[in-house]
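K.L.:
I'd like to ask some things about the structure below.
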Amino acid sequence: MSNADSSYGEQLEQQRASLSEVAKGKSLTLRQRWRWILAIASAVVLAIVLSYAVYNYLYPYFPENIIDDKPLNELTKAGIELKLEQSRSLFQLALLSVGTLWGLLLAKKDEAGIVLADHPEICMFVCASFLLMLSLICHTFYLQKITNVYSLAGQLYEKEAPSIPDVFGPNINYLFVSQCWFLVSGVTVALLTFISAHKLKEK
């Protein structure tokens, strides 16, 4: 009787272990599915934001050679400086985000990180890096545009009625708007990458 009870107990333990393995397998499959969903969502975000930026670049609200003038006074100068300061702040935030994101790739084995053989995370990592790099590039182009505007204003300066091309118009401001969108999207995708690496990683 004792041997029968012992055998029955072993069978119960085996069944419990088997059920536990099945449940664990289902959990891992669900995690993997969610990670692929996040990867696809990241790619969709990249496609949408990039399409929006390309559209603004190719089809501005006004032709490229028609930019209205604004009076060049202290208020205009203050507005331009404020805009440039905002762009610089976004640039610094993008740099910080890039450093944090790449830190996941260089993380130690016992830390949450990105594995090169892990396709969902690599997809999210590439999308986030691309978006953040585009934000940095937009900042550079935006500064170049502003510099060109100041240069043009200096060449056409009229002491009686000083003016400057409208840097707040869509022909120039689209770069600042694109910088903002790329940054917000890049940070969002970077957060999804971190969630995938830290919370949904199969262990």
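Residues in the structure tokens are named by chain (A, B, ... in the order shown) and by number from 1 within that chain; ligands are numbered from 1 in the order shown.
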What lies within 7 Å of Arg35 (chain A) using only C-alpha atoms, ignoring chain neighbours under 4 positions off, as a PyMOL selection string?

P.N.:
chain A and resi 31+39+120+196+200

K.L.:
Atoms to include: N, CA and C atoms. Write the selected residues as a PDB file, in the first residue's frame.

P.N.:
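Output below, filename result_38.pdb:
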```
ATOM      1  N   ARG A  31       4.626  36.286 -24.420  1.00  0.00           N
ATOM      2  CA  ARG A  31       5.620  37.354 -24.343  1.00  0.00           C
ATOM      3  C   ARG A  31       6.240  37.624 -25.708  1.00  0.00           C
ATOM      4  N   ALA A  39       7.403  45.510 -31.930  1.00  0.00           N
ATOM      5  CA  ALA A  39       8.331  45.739 -33.042  1.00  0.00           C
ATOM      6  C   ALA A  39       7.589  46.254 -34.276  1.00  0.00           C
ATOM      7  N   PRO A 120      12.924  40.966 -32.722  1.00  0.00           N
ATOM      8  CA  PRO A 120      12.001  42.055 -32.351  1.00  0.00           C
ATOM      9  C   PRO A 120      12.710  43.252 -31.736  1.00  0.00           C
ATOM     10  N   SER A 196      10.535  45.893 -23.788  1.00  0.00           N
ATOM     11  CA  SER A 196      10.746  44.565 -24.358  1.00  0.00           C
ATOM     12  C   SER A 196      11.974  43.889 -23.751  1.00  0.00           C
ATOM     13  N   LEU A 200       9.676  41.973 -20.990  1.00  0.00           N
ATOM     14  CA  LEU A 200       9.136  40.886 -21.805  1.00  0.00           C
ATOM     15  C   LEU A 200      10.196  39.896 -22.260  1.00  0.00           C
TER      16      LEU A 200
END
```

K.L.:
Go through A:Leu72, A:Ala78, A:Ile146, A:Ile40 and flag the residue nearest Leu175 (chain A), using only C-alpha atoms for the distances.

P.N.:
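Between A:Leu72, A:Ala78, A:Ile146, A:Ile40, the residue approaching Leu175 (chain A) most closely is A:Ile146.
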
K.L.:
Taking 6 positions as the minimum chain separation for residues in the same chain, which residues sit within 12 Å of Ser51 (chain A) when counting only C-alpha atoms? Answer as a list in words.

P.N.:
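Within the cut-off, the hits are Val44, Val45, Tyr57, Leu58, Tyr59, Ser178, Trp181 and Phe182 of chain A.
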
K.L.:
Based on DSSP run over this structure's backbone, return all residues of region 31-196 of chain A in strand (DSSP E or B), as a ChimeraX atom specification.

P.N.:
/A:69-71,163-165

K.L.:
Given the choices A:Phe194, A:Phe91, A:Trp36, A:Tyr55, which gets closest to Ile137 (chain A) if the distance is worked out from only C-alpha atoms?

P.N.:
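Result for the nearest residue to Ile137 (chain A): A:Phe91.
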
K.L.:
Which distance in Å separates CA of Gln92 (chain A) and CA of Met133 (chain A), to one decimal?

P.N.:
11.8 Å

K.L.:
In Å, how far is it from CA of Ser97 (chain A) to CA of Phe141 (chain A)?

P.N.:
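It comes out at 19.8 Å.
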
K.L.:
Have a look at CA of Gln179 (chain A) and CA of Ile48 (chain A) and let me know their distance in Å, one decimal.

P.N.:
14.2 Å

K.L.:
Could you list, as a ChimeraX atom specification, every residue within 9 Å of Pro71 (chain A), counting only C-alpha atoms and ignoring same-chain residues fewer than 6 positions away?

P.N.:
/A:161-166
